[in-house]
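Asker: Structure supplied as start-v6.csv; contents: CSV, C-alpha atoms and all ligand atoms.
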chain,number,residue,atom,x,y,z
U,1,MET,CA,82.0,-22.1,-8.1
U,2,GLN,CA,79.3,-24.1,-9.7
U,3,ILE,CA,75.7,-24.6,-8.6
U,4,SER,CA,73.5,-27.4,-9.9
U,5,LEU,CA,69.8,-27.1,-9.9
U,6,VAL,CA,68.1,-30.5,-9.7
U,7,VAL,CA,64.5,-30.4,-10.9
U,8,PRO,CA,62.3,-33.5,-10.9
U,9,CYS,CA,59.6,-33.2,-13.5
U,10,TYR,CA,56.5,-35.3,-14.1
U,11,ASN,CA,54.1,-34.0,-16.8
U,12,GLU,CA,55.5,-30.5,-16.5
U,13,GLU,CA,55.5,-29.4,-20.2
U,14,GLU,CA,53.6,-26.2,-19.3
U,15,ALA,CA,55.5,-25.3,-16.1
U,16,LEU,CA,59.0,-26.2,-17.2
U,17,PRO,CA,59.6,-23.4,-19.7
U,18,LEU,CA,58.4,-20.9,-17.1
U,19,PHE,CA,60.7,-22.5,-14.6
U,20,TYR,CA,63.6,-22.3,-16.9
U,21,LYS,CA,63.0,-18.6,-17.6
U,22,GLU,CA,62.9,-17.7,-14.0
U,23,ALA,CA,65.9,-20.0,-13.1
U,24,ALA,CA,67.9,-18.5,-15.9
U,25,ARG,CA,67.1,-15.0,-14.7
U,26,VAL,CA,68.3,-15.8,-11.2
U,27,ALA,CA,71.3,-17.6,-12.6
U,28,ALA,CA,72.3,-14.4,-14.5
U,29,GLN,CA,71.8,-12.3,-11.4
U,30,MET,CA,73.9,-14.7,-9.3
U,31,LYS,CA,76.7,-14.8,-11.9
U,32,ALA,CA,77.0,-11.1,-11.5
U,33,SER,CA,76.7,-11.0,-7.7
U,34,HIS,CA,78.5,-14.2,-6.7
U,35,GLY,CA,80.4,-15.2,-9.8
U,36,ALA,CA,78.4,-18.5,-9.7
U,37,GLU,CA,78.2,-20.8,-12.8
U,38,PHE,CA,75.0,-22.8,-13.1
U,39,GLU,CA,74.0,-26.2,-14.4
U,40,PHE,CA,70.3,-27.2,-14.7
U,41,VAL,CA,69.7,-31.0,-14.2
U,42,PHE,CA,66.2,-31.8,-15.3
U,43,VAL,CA,64.9,-35.3,-14.5
U,44,ASP,CA,62.0,-36.5,-16.6
U,45,ASP,CA,60.2,-39.0,-14.4
U,46,GLY,CA,58.5,-40.9,-17.3
U,47,SER,CA,56.2,-38.1,-18.2
U,48,LYS,CA,53.4,-38.8,-20.5
U,49,ASP,CA,53.2,-35.3,-22.1
U,50,GLY,CA,55.9,-33.4,-24.0
U,51,THR,CA,58.2,-32.8,-21.0
U,52,LEU,CA,61.1,-34.6,-22.6
U,53,ARG,CA,60.6,-32.6,-25.8
U,54,VAL,CA,60.8,-29.4,-23.8
U,55,MET,CA,64.0,-30.6,-22.1
U,56,ARG,CA,65.6,-31.5,-25.5
U,57,ALA,CA,64.7,-28.1,-26.8
U,58,LEU,CA,66.1,-26.3,-23.8
U,59,ARG,CA,69.3,-28.4,-24.1
U,60,ALA,CA,69.6,-27.4,-27.7
U,61,GLN,CA,69.5,-23.7,-26.9
U,62,ASP,CA,71.5,-23.8,-23.6
U,63,ALA,CA,74.5,-26.0,-23.0
U,64,ARG,CA,74.0,-25.5,-19.2
U,65,VAL,CA,70.9,-27.7,-19.4
U,66,ARG,CA,71.4,-31.4,-18.8
U,67,TYR,CA,68.7,-34.0,-18.4
U,68,VAL,CA,68.0,-37.6,-17.4
U,69,SER,CA,64.8,-39.3,-18.7
U,70,PHE,CA,63.4,-42.3,-17.0
U,71,SER,CA,62.0,-45.4,-18.8
U,72,ARG,CA,58.8,-45.0,-16.7
U,73,ASN,CA,57.4,-43.1,-13.7
U,74,PHE,CA,59.6,-43.9,-10.7
U,75,GLY,CA,58.3,-41.2,-8.3
U,76,LYS,CA,59.7,-37.9,-7.2
U,77,GLU,CA,62.1,-39.5,-4.7
U,78,ALA,CA,63.8,-41.5,-7.4
U,79,GLY,CA,63.9,-38.3,-9.5
U,80,ILE,CA,65.7,-36.4,-6.8
U,81,TYR,CA,68.2,-39.2,-6.4
U,82,ALA,CA,68.9,-39.4,-10.1
U,83,GLY,CA,69.3,-35.6,-10.3
U,84,LEU,CA,71.7,-35.6,-7.3
U,85,GLN,CA,73.8,-38.3,-8.9
U,86,ALA,CA,74.0,-36.4,-12.2
U,87,ALA,CA,74.8,-33.1,-10.5
U,88,LYS,CA,78.4,-32.0,-10.8
U,89,GLY,CA,78.2,-28.7,-8.9
U,90,ASP,CA,80.0,-27.6,-5.7
U,91,TYR,CA,76.6,-26.7,-4.4
U,92,VAL,CA,73.4,-28.6,-5.3
U,93,ALA,CA,69.9,-27.3,-5.0
U,94,MET,CA,66.7,-29.2,-5.7
U,95,LEU,CA,63.5,-27.4,-6.6
U,96,ASP,CA,60.1,-28.3,-8.0
U,97,ALA,CA,59.3,-27.4,-11.6
U,98,ASP,CA,56.1,-25.6,-10.8
U,99,LEU,CA,57.8,-22.5,-9.2
U,100,GLN,CA,56.3,-23.4,-5.8
U,101,ASP,CA,60.0,-23.3,-4.7
U,102,PRO,CA,61.0,-19.8,-5.8
U,103,PRO,CA,64.5,-19.7,-7.3
U,104,ALA,CA,64.6,-16.1,-6.2
U,105,LEU,CA,65.5,-17.4,-2.7
U,106,LEU,CA,68.7,-18.9,-4.0
U,107,PRO,CA,71.0,-15.9,-3.5
U,108,GLN,CA,70.1,-15.7,0.2
U,109,MET,CA,70.5,-19.4,0.6
U,110,LEU,CA,73.9,-19.4,-1.0
U,111,ASP,CA,75.0,-16.5,1.3
U,112,ALA,CA,74.1,-18.6,4.3
U,113,LEU,CA,76.3,-21.5,3.0
U,114,LEU,CA,79.2,-19.1,2.1
U,115,THR,CA,79.5,-18.0,5.7
U,116,GLY,CA,80.8,-21.5,6.3
U,117,ASP,CA,78.5,-22.1,9.3
U,118,TYR,CA,76.0,-24.3,7.4
U,119,ASP,CA,76.0,-27.2,5.0
U,120,CYS,CA,72.4,-26.9,4.0
U,121,ALA,CA,70.0,-24.0,3.5
U,122,ALA,CA,66.4,-25.4,3.6
U,123,THR,CA,63.0,-23.8,3.2
U,124,ARG,CA,59.9,-24.1,5.2
U,125,ARG,CA,56.5,-22.7,4.4
U,126,THR,CA,54.9,-20.8,7.1
U,127,THR,CA,51.3,-21.1,5.8
U,128,ARG,CA,49.3,-23.8,4.2
U,129,ALA,CA,47.1,-21.3,2.5
U,130,GLY,CA,45.4,-22.6,-0.7
U,131,GLU,CA,45.3,-26.2,0.7
U,132,PRO,CA,42.1,-28.0,1.7
U,133,PRO,CA,41.6,-27.7,5.5
U,134,VAL,CA,41.2,-31.5,5.9
U,135,ARG,CA,44.5,-32.1,4.3
U,136,SER,CA,46.2,-29.5,6.5
U,137,TRP,CA,44.8,-31.2,9.6
U,138,PHE,CA,46.1,-34.6,8.5
U,139,ALA,CA,49.4,-33.1,7.6
U,140,ARG,CA,49.8,-31.6,11.1
U,141,GLN,CA,48.8,-34.9,12.8
U,142,PHE,CA,51.3,-36.7,10.7
U,143,TYR,CA,54.2,-34.4,11.8
U,144,ARG,CA,53.0,-34.7,15.4
U,145,ILE,CA,52.9,-38.5,15.3
U,146,ILE,CA,56.1,-39.1,13.4
U,147,ASN,CA,58.1,-36.7,15.6
U,148,LYS,CA,56.9,-38.6,18.7
U,149,MET,CA,57.8,-42.0,17.2
U,150,SER,CA,61.0,-41.2,15.4
U,151,ASP,CA,64.4,-40.1,16.6
U,152,THR,CA,65.0,-38.3,13.3
U,153,GLU,CA,63.4,-34.8,13.4
U,154,ILE,CA,60.9,-34.2,10.6
U,155,VAL,CA,60.2,-30.5,10.4
U,156,ASP,CA,56.6,-29.5,9.9
U,157,GLY,CA,56.1,-27.5,6.7
U,158,ALA,CA,59.6,-28.3,5.4
U,159,ARG,CA,59.8,-28.4,1.6
U,160,ASP,CA,62.2,-30.5,-0.3
U,161,TYR,CA,63.6,-27.2,-1.6
U,162,ARG,CA,67.2,-27.0,-0.4
U,163,LEU,CA,70.7,-25.9,-1.3
U,164,MET,CA,73.4,-28.2,-0.1
U,165,THR,CA,77.2,-28.3,-0.1
U,166,ARG,CA,79.0,-31.1,-2.0
U,167,ARG,CA,79.8,-33.0,1.2
U,168,MET,CA,76.2,-33.1,2.3
U,169,THR,CA,75.1,-34.1,-1.2
U,170,ASP,CA,77.6,-37.0,-1.1
U,171,ALA,CA,76.2,-38.0,2.3
U,172,VAL,CA,72.7,-38.1,0.9
U,173,LEU,CA,73.8,-40.1,-2.2
U,174,ASN,CA,75.4,-42.6,0.1
U,175,MET,CA,72.0,-43.4,1.4
U,176,ALA,CA,71.0,-45.5,-1.5
U,177,GLU,CA,68.0,-47.1,0.2
U,178,TYR,CA,65.1,-48.2,-2.0
U,179,ASN,CA,62.3,-46.9,0.2
U,180,ARG,CA,63.2,-43.2,0.2
U,181,PHE,CA,61.7,-40.5,2.4
U,182,SER,CA,63.7,-37.4,1.6
U,183,LYS,CA,62.4,-35.3,4.6
U,184,GLY,CA,63.8,-38.0,6.9
U,185,ILE,CA,67.0,-38.6,4.9
U,186,PHE,CA,68.1,-34.9,4.9
U,187,SER,CA,67.6,-34.8,8.7
U,188,TRP,CA,69.2,-38.1,9.3
U,189,VAL,CA,72.5,-37.2,7.6
U,190,GLY,CA,72.9,-34.3,10.0
U,191,PHE,CA,75.0,-31.2,9.2
U,192,ASP,CA,73.8,-27.7,10.2
U,193,THR,CA,70.8,-26.4,8.4
U,194,LYS,CA,69.7,-22.8,8.2
U,195,TRP,CA,65.9,-22.5,7.7
U,196,PHE,CA,64.3,-19.9,5.4
U,197,ASP,CA,60.6,-19.2,5.9
U,198,TYR,CA,58.4,-18.2,3.1
U,199,GLU,CA,54.7,-18.0,2.3
U,200,ASN,CA,53.1,-20.8,0.3
U,201,VAL,CA,52.9,-20.1,-3.5
U,202,GLU,CA,50.5,-21.8,-5.8
U,203,ARG,CA,51.9,-23.7,-8.8
U,204,VAL,CA,52.2,-21.7,-12.0
U,205,ALA,CA,50.8,-24.2,-14.4
U,206,GLY,CA,49.7,-27.8,-14.7
U,207,GLN,CA,48.3,-30.0,-12.0
U,208,THR,CA,49.5,-31.3,-8.6
U,209,LYS,CA,50.5,-35.0,-8.8
U,210,TRP,CA,49.4,-35.7,-5.2
U,211,ASN,CA,46.1,-36.9,-4.0
U,212,PHE,CA,45.0,-37.7,-0.5
U,213,TRP,CA,45.7,-41.4,-0.9
U,214,GLY,CA,49.1,-40.7,-2.3
U,215,LEU,CA,50.0,-38.5,0.6
U,216,PHE,CA,48.7,-41.1,3.0
U,217,LYS,CA,50.9,-43.8,1.5
U,218,TYR,CA,53.8,-41.4,1.6
U,219,SER,CA,53.3,-40.7,5.3
U,220,ILE,CA,53.3,-44.5,6.0
U,221,GLU,CA,56.5,-44.7,4.1
U,222,GLY,CA,58.0,-42.0,6.3
U,223,ILE,CA,56.9,-43.7,9.5
U,224,VAL,CA,58.1,-47.2,8.5
U,225,GLY,CA,61.3,-45.7,7.1
U,226,PHE,CA,62.3,-43.7,10.2
U,227,SER,CA,60.8,-45.4,13.2
U,228,THR,CA,60.3,-48.9,14.6
U,229,ALA,CA,57.8,-47.7,17.2
U,230,PRO,CA,54.8,-49.4,15.5
U,231,LEU,CA,56.6,-52.8,16.1
U,232,VAL,CA,56.9,-51.9,19.8
U,233,PHE,CA,53.2,-51.0,19.8
U,234,ALA,CA,52.3,-54.4,18.3
U,235,ALA,CA,54.3,-56.2,21.0
U,236,LEU,CA,52.8,-54.0,23.7
U,237,MET,CA,49.3,-54.8,22.5
U,238,GLY,CA,50.1,-58.5,22.8
U,239,VAL,CA,51.3,-58.1,26.4
U,240,ILE,CA,48.2,-56.0,27.3
U,241,PHE,CA,45.8,-58.6,25.8
U,242,CYS,CA,47.6,-61.5,27.6
U,243,LEU,CA,47.2,-59.6,30.9
U,244,ALA,CA,43.5,-58.9,30.1
U,245,ALA,CA,43.0,-62.6,29.2
U,246,PHE,CA,44.6,-63.7,32.4
U,247,ALA,CA,42.5,-61.4,34.5
U,248,GLY,CA,39.4,-62.7,32.6
U,249,ILE,CA,40.3,-66.3,33.3
U,250,VAL,CA,40.7,-65.6,37.1
U,251,PHE,CA,37.3,-63.7,37.1
U,252,VAL,CA,35.4,-66.5,35.2
U,253,ALA,CA,37.0,-69.3,37.4
U,254,VAL,CA,36.1,-67.6,40.7
U,255,ARG,CA,32.6,-66.7,39.5
U,256,ALA,CA,32.0,-70.4,38.4
U,257,LEU,CA,33.2,-71.6,41.8
U,258,LEU,CA,30.9,-69.2,43.7
U,259,PHE,CA,27.8,-69.2,41.5
U,260,GLY,CA,28.0,-72.3,39.3
U,261,ASP,CA,28.4,-72.2,35.5
U,262,PRO,CA,25.2,-71.2,33.7
U,263,THR,CA,25.8,-71.0,29.9
U,264,SER,CA,25.4,-67.3,29.1
U,265,GLY,CA,27.4,-64.4,27.9
U,266,TRP,CA,28.0,-65.6,24.3
U,267,PRO,CA,27.3,-62.2,22.8
U,268,SER,CA,30.0,-60.6,24.9
U,269,MET,CA,32.3,-63.5,23.9
U,270,VAL,CA,31.7,-62.8,20.2
U,271,CYS,CA,32.6,-59.1,20.7
U,272,ILE,CA,35.8,-60.1,22.6
U,273,LEU,CA,36.7,-62.6,19.9
U,274,LEU,CA,36.2,-60.0,17.1
U,275,PHE,CA,38.0,-57.3,19.0
U,276,SER,CA,41.1,-59.5,19.7
U,277,GLY,CA,41.0,-60.9,16.2
U,278,GLY,CA,41.0,-57.4,14.8
U,279,ILE,CA,43.9,-56.3,17.0
U,280,GLN,CA,45.9,-59.4,15.9
U,281,LEU,CA,45.3,-58.7,12.2
U,282,PHE,CA,46.3,-55.1,12.8
U,283,CYS,CA,49.5,-56.1,14.5
U,284,VAL,CA,50.3,-58.7,11.8
U,285,GLY,CA,49.7,-55.9,9.3
U,286,ILE,CA,52.2,-53.7,11.0
U,287,VAL,CA,54.8,-56.4,10.9
U,288,GLY,CA,53.9,-57.2,7.3
U,289,GLU,CA,54.5,-53.5,6.4
U,290,TYR,CA,58.1,-53.7,7.7
U,291,LEU,CA,58.6,-57.1,6.1
U,292,ALA,CA,57.4,-55.7,2.7
U,293,LYS,CA,59.9,-52.8,3.0
U,294,THR,CA,62.7,-55.2,3.9
U,295,TYR,CA,61.7,-57.4,1.0
U,296,LEU,CA,61.9,-54.6,-1.5
U,297,GLU,CA,65.1,-53.4,0.1
U,298,VAL,CA,67.0,-56.7,-0.1
U,299,LYS,CA,66.1,-57.2,-3.8
U,300,HIS,CA,68.5,-54.3,-4.5
U,301,ARG,CA,66.5,-53.1,-7.5
U,302,PRO,CA,67.8,-50.0,-9.1
U,303,LEU,CA,66.1,-46.8,-8.0
U,304,TYR,CA,65.4,-45.8,-11.6
U,305,ILE,CA,66.2,-46.8,-15.1
U,306,THR,CA,67.5,-44.2,-17.6
U,307,ARG,CA,66.1,-44.1,-21.1
U,308,GLU,CA,67.9,-41.1,-22.4
U,309,THR,CA,70.3,-38.3,-21.3
U,310,GLU,CA,71.7,-35.4,-23.2
U,311,ASP,CA,74.7,-37.5,-24.0
U,312,THR,CA,73.0,-40.7,-25.0
U,313,ARG,CA,70.4,-39.2,-27.2
U,314,ARG,CA,70.4,-41.1,-30.5
U,315,PRO,CA,71.8,-39.0,-33.4
U,316,GLU,CA,68.8,-39.7,-35.7
U,317,ASN,CA,66.6,-38.0,-33.1
U,318,ARG,CA,68.7,-34.8,-33.1
U,319,PRO,CA,67.0,-31.7,-34.4
Q,1,LIG,N1,57.1,-35.2,-9.5
Q,1,LIG,C1,57.9,-36.2,-10.0
Q,1,LIG,N2,57.4,-37.4,-10.1
Q,1,LIG,C2,56.2,-37.8,-9.6
Q,1,LIG,C3,55.4,-36.8,-9.0
Q,1,LIG,C4,55.9,-35.5,-9.0
Q,1,LIG,O1,59.0,-35.9,-10.4
Q,1,LIG,O2,55.8,-39.0,-9.7
Q,1,LIG,C5,57.6,-33.8,-9.4
Q,1,LIG,C6,56.7,-32.7,-10.1
Q,1,LIG,O3,56.9,-32.6,-11.5
Q,1,LIG,C7,57.1,-31.5,-9.4
Q,1,LIG,C8,57.4,-32.0,-8.0
Q,1,LIG,O4,57.7,-33.4,-8.1
Q,1,LIG,O5,58.2,-30.8,-9.9
Q,1,LIG,C9,56.4,-31.7,-7.0
Q,1,LIG,O6,55.1,-32.2,-7.4
Q,1,LIG,P1,53.8,-31.4,-7.2
Q,1,LIG,O7,54.0,-30.0,-7.5
Q,1,LIG,O8,52.7,-32.1,-8.0
Q,1,LIG,O9,53.5,-31.6,-5.7
Q,1,LIG,P2,52.9,-30.5,-4.7
Q,1,LIG,O10,53.7,-29.3,-4.8
Q,1,LIG,O11,51.5,-30.3,-5.0
Q,1,LIG,O12,53.1,-31.2,-3.3
Q,2,MG,MG,54.0,-28.3,-6.5
As structure tokens, please, write out the structure in this file.
Answerer:
Amino acid sequence: MQISLVVPCYNEEEALPLFYKEAARVAAQMKASHGAEFEFVFVDDGSKDGTLRVMRALRAQDARVRYVSFSRNFGKEAGIYAGLQAAKGDYVAMLDADLQDPPALLPQMLDALLTGDYDCAATRRTTRAGEPPVRSWFARQFYRIINKMSDTEIVDGARDYRLMTRRMTDAVLNMAEYNRFSKGIFSWVGFDTKWFDYENVERVAGQTKWNFWGLFKYSIEGIVGFSTAPLVFAALMGVIFCLAAFAGIVFVAVRALLFGDPTSGWPSMVCILLFSGGIQLFCVGIVGEYLAKTYLEVKHRPLYITRETEDTRRPENRP
């Protein structure tokens, strides 16, 4: 039985050695308790610091370490996909490099899969402690909205930290879409998932890669990727405005017949024009968002470009 740990890393030179130490400790423990062999698949997402150097060094000292290095930063979603593609294990887990996803949970998660009742053991944080309150509020609203709009359930507080069987991993790999939103993809492929709750942990070293704007764009990605409700909303707005316009025409015509037609009311006219113009642009924007995603999707660009792996490292670079 082999377990692959997939770890996307972007500028994690400080955290990665700590992660490796902890993961190796858990691996040794699980070899004794479950007879599990491990493989570490590190994905260097075009890091600008010494992350790749750390990976090479870890590979040199431990043959279980494998790595994929990207030609530039392609984002965490691409990193996860590359790691899943490279993973050879019967079970595949993905974790962050900053130890916010504690490897110590892996034995429990594996036990759940070994019962045969589940194909996925996933984790969920119960608290958002250590996070700015504004961000927590927006996060909660996002989950509320997306779960109303989408048929795919997106679990609030779910982390990307999961352990999956080979068949679920293959199902996820089959979804080779360009605009990736993992939380949706894991839910969309189905299979039975056992949830593990744990308290939020702060990252061990280095900086978070997410800012508010990044999270906002990611949430739009999720909504556009897993719901077409905004398009229905746009169409509905059109219908409502047509009805309002029709009622307005009747009102103005009847008033003109009864009281004549004095030229007045242009300020309200301007307000109405601006309002309806704004709604139109908003709706065109919604359509445009879907069109943009479609455009990127039909180009069939690769999700990532590999610069180096442990096999293709040029000999002159070897230590
Ligand atoms: N990450 C990545 N590519 C990116 C951004 C992040 O591979 O463009 C990795 C990062 O190295 C880490 C994980 O994704 O292992 C989660 O990132 P981070 O800890 O910054 O996010 P947070 O936990 O704050 O949500
Ligand atoms: Mg983190």
Asker: Identify the residues within 12 Å of coordinate (61.9, -43.3, 8.8) (same frame as the file), considering all atoms listed in the file, and give the answer as a PDB file with C-alpha atoms, in the frame of the given file.
Answerer:
ATOM      1  CA  ILE U 146      56.100 -39.100  13.400  1.00  0.00           C
ATOM      2  CA  ASN U 147      58.100 -36.700  15.600  1.00  0.00           C
ATOM      3  CA  MET U 149      57.800 -42.000  17.200  1.00  0.00           C
ATOM      4  CA  SER U 150      61.000 -41.200  15.400  1.00  0.00           C
ATOM      5  CA  ASP U 151      64.400 -40.100  16.600  1.00  0.00           C
ATOM      6  CA  THR U 152      65.000 -38.300  13.300  1.00  0.00           C
ATOM      7  CA  GLU U 153      63.400 -34.800  13.400  1.00  0.00           C
ATOM      8  CA  ILE U 154      60.900 -34.200  10.600  1.00  0.00           C
ATOM      9  CA  GLU U 177      68.000 -47.100   0.200  1.00  0.00           C
ATOM     10  CA  ASN U 179      62.300 -46.900   0.200  1.00  0.00           C
ATOM     11  CA  ARG U 180      63.200 -43.200   0.200  1.00  0.00           C
ATOM     12  CA  PHE U 181      61.700 -40.500   2.400  1.00  0.00           C
ATOM     13  CA  SER U 182      63.700 -37.400   1.600  1.00  0.00           C
ATOM     14  CA  LYS U 183      62.400 -35.300   4.600  1.00  0.00           C
ATOM     15  CA  GLY U 184      63.800 -38.000   6.900  1.00  0.00           C
ATOM     16  CA  ILE U 185      67.000 -38.600   4.900  1.00  0.00           C
ATOM     17  CA  PHE U 186      68.100 -34.900   4.900  1.00  0.00           C
ATOM     18  CA  SER U 187      67.600 -34.800   8.700  1.00  0.00           C
ATOM     19  CA  TRP U 188      69.200 -38.100   9.300  1.00  0.00           C
ATOM     20  CA  TYR U 218      53.800 -41.400   1.600  1.00  0.00           C
ATOM     21  CA  SER U 219      53.300 -40.700   5.300  1.00  0.00           C
ATOM     22  CA  ILE U 220      53.300 -44.500   6.000  1.00  0.00           C
ATOM     23  CA  GLU U 221      56.500 -44.700   4.100  1.00  0.00           C
ATOM     24  CA  GLY U 222      58.000 -42.000   6.300  1.00  0.00           C
ATOM     25  CA  ILE U 223      56.900 -43.700   9.500  1.00  0.00           C
ATOM     26  CA  VAL U 224      58.100 -47.200   8.500  1.00  0.00           C
ATOM     27  CA  GLY U 225      61.300 -45.700   7.100  1.00  0.00           C
ATOM     28  CA  PHE U 226      62.300 -43.700  10.200  1.00  0.00           C
ATOM     29  CA  SER U 227      60.800 -45.400  13.200  1.00  0.00           C
ATOM     30  CA  THR U 228      60.300 -48.900  14.600  1.00  0.00           C
ATOM     31  CA  ALA U 229      57.800 -47.700  17.200  1.00  0.00           C
ATOM     32  CA  PRO U 230      54.800 -49.400  15.500  1.00  0.00           C
ATOM     33  CA  TYR U 290      58.100 -53.700   7.700  1.00  0.00           C
ATOM     34  CA  LYS U 293      59.900 -52.800   3.000  1.00  0.00           C
TER      35      LYS U 293
END
Asker: Would you name the residues within 6 Å of ligand LIG 1 (chain Q), counting all atoms listed in the file, and put them as a VMD selection string?
Answerer: chain U and resid 8 to 10 12 45 73 75 to 76 79 96 to 98 208 to 210
Asker: With C-alpha atoms retained, could you export that selection as a short mmCIF file (atom, residue, chain, number, x, y, z; two decimals), in the coordinates of the input?
Answerer:
data_model
loop_
_atom_site.label_atom_id
_atom_site.label_comp_id
_atom_site.auth_asym_id
_atom_site.auth_seq_id
_atom_site.Cartn_x
_atom_site.Cartn_y
_atom_site.Cartn_z
CA PRO U 8 62.30 -33.50 -10.90
CA CYS U 9 59.60 -33.20 -13.50
CA TYR U 10 56.50 -35.30 -14.10
CA GLU U 12 55.50 -30.50 -16.50
CA ASP U 45 60.20 -39.00 -14.40
CA ASN U 73 57.40 -43.10 -13.70
CA GLY U 75 58.30 -41.20 -8.30
CA LYS U 76 59.70 -37.90 -7.20
CA GLY U 79 63.90 -38.30 -9.50
CA ASP U 96 60.10 -28.30 -8.00
CA ALA U 97 59.30 -27.40 -11.60
CA ASP U 98 56.10 -25.60 -10.80
CA THR U 208 49.50 -31.30 -8.60
CA LYS U 209 50.50 -35.00 -8.80
CA TRP U 210 49.40 -35.70 -5.20
#
Asker: Quick one: pull the distance between CA of Arg66 in chain U and CA of Leu106 in chain U, Å, one decimal.
Answerer: 19.6 Å
Asker: Which residues are close to Leu58 in chain U, i.e. within 9 Å by only C-alpha atoms, leaving aside same-chain residues fewer than 5 positions away? Reply as JSON, numbers by chain.
Answerer: {"U": [17, 20, 53, 63, 65, 66]}
Asker: CA of Arg128 in chain U and CA of Val92 in chain U are how many Å apart?
Answerer: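 Interatomic distance here is 26.3 Å.
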Asker: What gap, in Å, lies between CA of Cys283 in chain U and CA of Trp213 in chain U?
Answerer: 21.6 Å
Asker: Which residue gives the smallest distance to ligand MG 2 (chain Q) among U:Ala205, U:Ala292, U:Val298, U:Leu114, with only C-alpha atoms and all ligand atoms counted?
Answerer: U:Ala205
Asker: Could you please fill out range 126-140 of chain U with N, CA and C atoms and send it back as a PDB file, in the coordinates of the input?
Answerer:
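To be explicit, this is the file written out as result-v1.pdb:
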ATOM      1  N   THR U 126      55.447 -21.186   5.877  1.00  0.00           N
ATOM      2  CA  THR U 126      54.900 -20.800   7.100  1.00  0.00           C
ATOM      3  C   THR U 126      53.343 -20.939   7.108  1.00  0.00           C
ATOM      4  N   THR U 127      52.764 -20.930   5.907  1.00  0.00           N
ATOM      5  CA  THR U 127      51.300 -21.100   5.800  1.00  0.00           C
ATOM      6  C   THR U 127      50.992 -22.266   4.930  1.00  0.00           C
ATOM      7  N   ARG U 128      49.808 -22.800   5.104  1.00  0.00           N
ATOM      8  CA  ARG U 128      49.300 -23.800   4.200  1.00  0.00           C
ATOM      9  C   ARG U 128      48.162 -23.289   3.392  1.00  0.00           C
ATOM     10  N   ALA U 129      48.186 -21.983   3.170  1.00  0.00           N
ATOM     11  CA  ALA U 129      47.100 -21.300   2.500  1.00  0.00           C
ATOM     12  C   ALA U 129      46.897 -21.986   1.088  1.00  0.00           C
ATOM     13  N   GLY U 130      45.646 -22.083   0.664  1.00  0.00           N
ATOM     14  CA  GLY U 130      45.400 -22.600  -0.700  1.00  0.00           C
ATOM     15  C   GLY U 130      45.299 -24.154  -0.629  1.00  0.00           C
ATOM     16  N   GLU U 131      45.335 -24.738   0.565  1.00  0.00           N
ATOM     17  CA  GLU U 131      45.300 -26.200   0.700  1.00  0.00           C
ATOM     18  C   GLU U 131      43.956 -26.543   1.369  1.00  0.00           C
ATOM     19  N   PRO U 132      43.323 -27.666   1.025  1.00  0.00           N
ATOM     20  CA  PRO U 132      42.100 -28.000   1.700  1.00  0.00           C
ATOM     21  C   PRO U 132      42.336 -28.183   3.226  1.00  0.00           C
ATOM     22  N   PRO U 133      41.441 -27.655   4.086  1.00  0.00           N
ATOM     23  CA  PRO U 133      41.600 -27.700   5.500  1.00  0.00           C
ATOM     24  C   PRO U 133      41.835 -29.133   6.068  1.00  0.00           C
ATOM     25  N   VAL U 134      41.096 -30.089   5.478  1.00  0.00           N
ATOM     26  CA  VAL U 134      41.200 -31.500   5.900  1.00  0.00           C
ATOM     27  C   VAL U 134      42.632 -31.974   5.743  1.00  0.00           C
ATOM     28  N   ARG U 135      43.190 -31.648   4.568  1.00  0.00           N
ATOM     29  CA  ARG U 135      44.500 -32.100   4.300  1.00  0.00           C
ATOM     30  C   ARG U 135      45.535 -31.457   5.260  1.00  0.00           C
ATOM     31  N   SER U 136      45.356 -30.168   5.542  1.00  0.00           N
ATOM     32  CA  SER U 136      46.200 -29.500   6.500  1.00  0.00           C
ATOM     33  C   SER U 136      46.198 -30.170   7.841  1.00  0.00           C
ATOM     34  N   TRP U 137      44.971 -30.538   8.254  1.00  0.00           N
ATOM     35  CA  TRP U 137      44.800 -31.200   9.600  1.00  0.00           C
ATOM     36  C   TRP U 137      45.563 -32.495   9.597  1.00  0.00           C
ATOM     37  N   PHE U 138      45.379 -33.318   8.557  1.00  0.00           N
ATOM     38  CA  PHE U 138      46.100 -34.600   8.500  1.00  0.00           C
ATOM     39  C   PHE U 138      47.579 -34.398   8.472  1.00  0.00           C
ATOM     40  N   ALA U 139      48.002 -33.381   7.724  1.00  0.00           N
ATOM     41  CA  ALA U 139      49.400 -33.100   7.600  1.00  0.00           C
ATOM     42  C   ALA U 139      49.999 -32.793   9.017  1.00  0.00           C
ATOM     43  N   ARG U 140      49.267 -31.931   9.755  1.00  0.00           N
ATOM     44  CA  ARG U 140      49.800 -31.600  11.100  1.00  0.00           C
ATOM     45  C   ARG U 140      49.818 -32.782  12.013  1.00  0.00           C
TER      46      ARG U 140
END
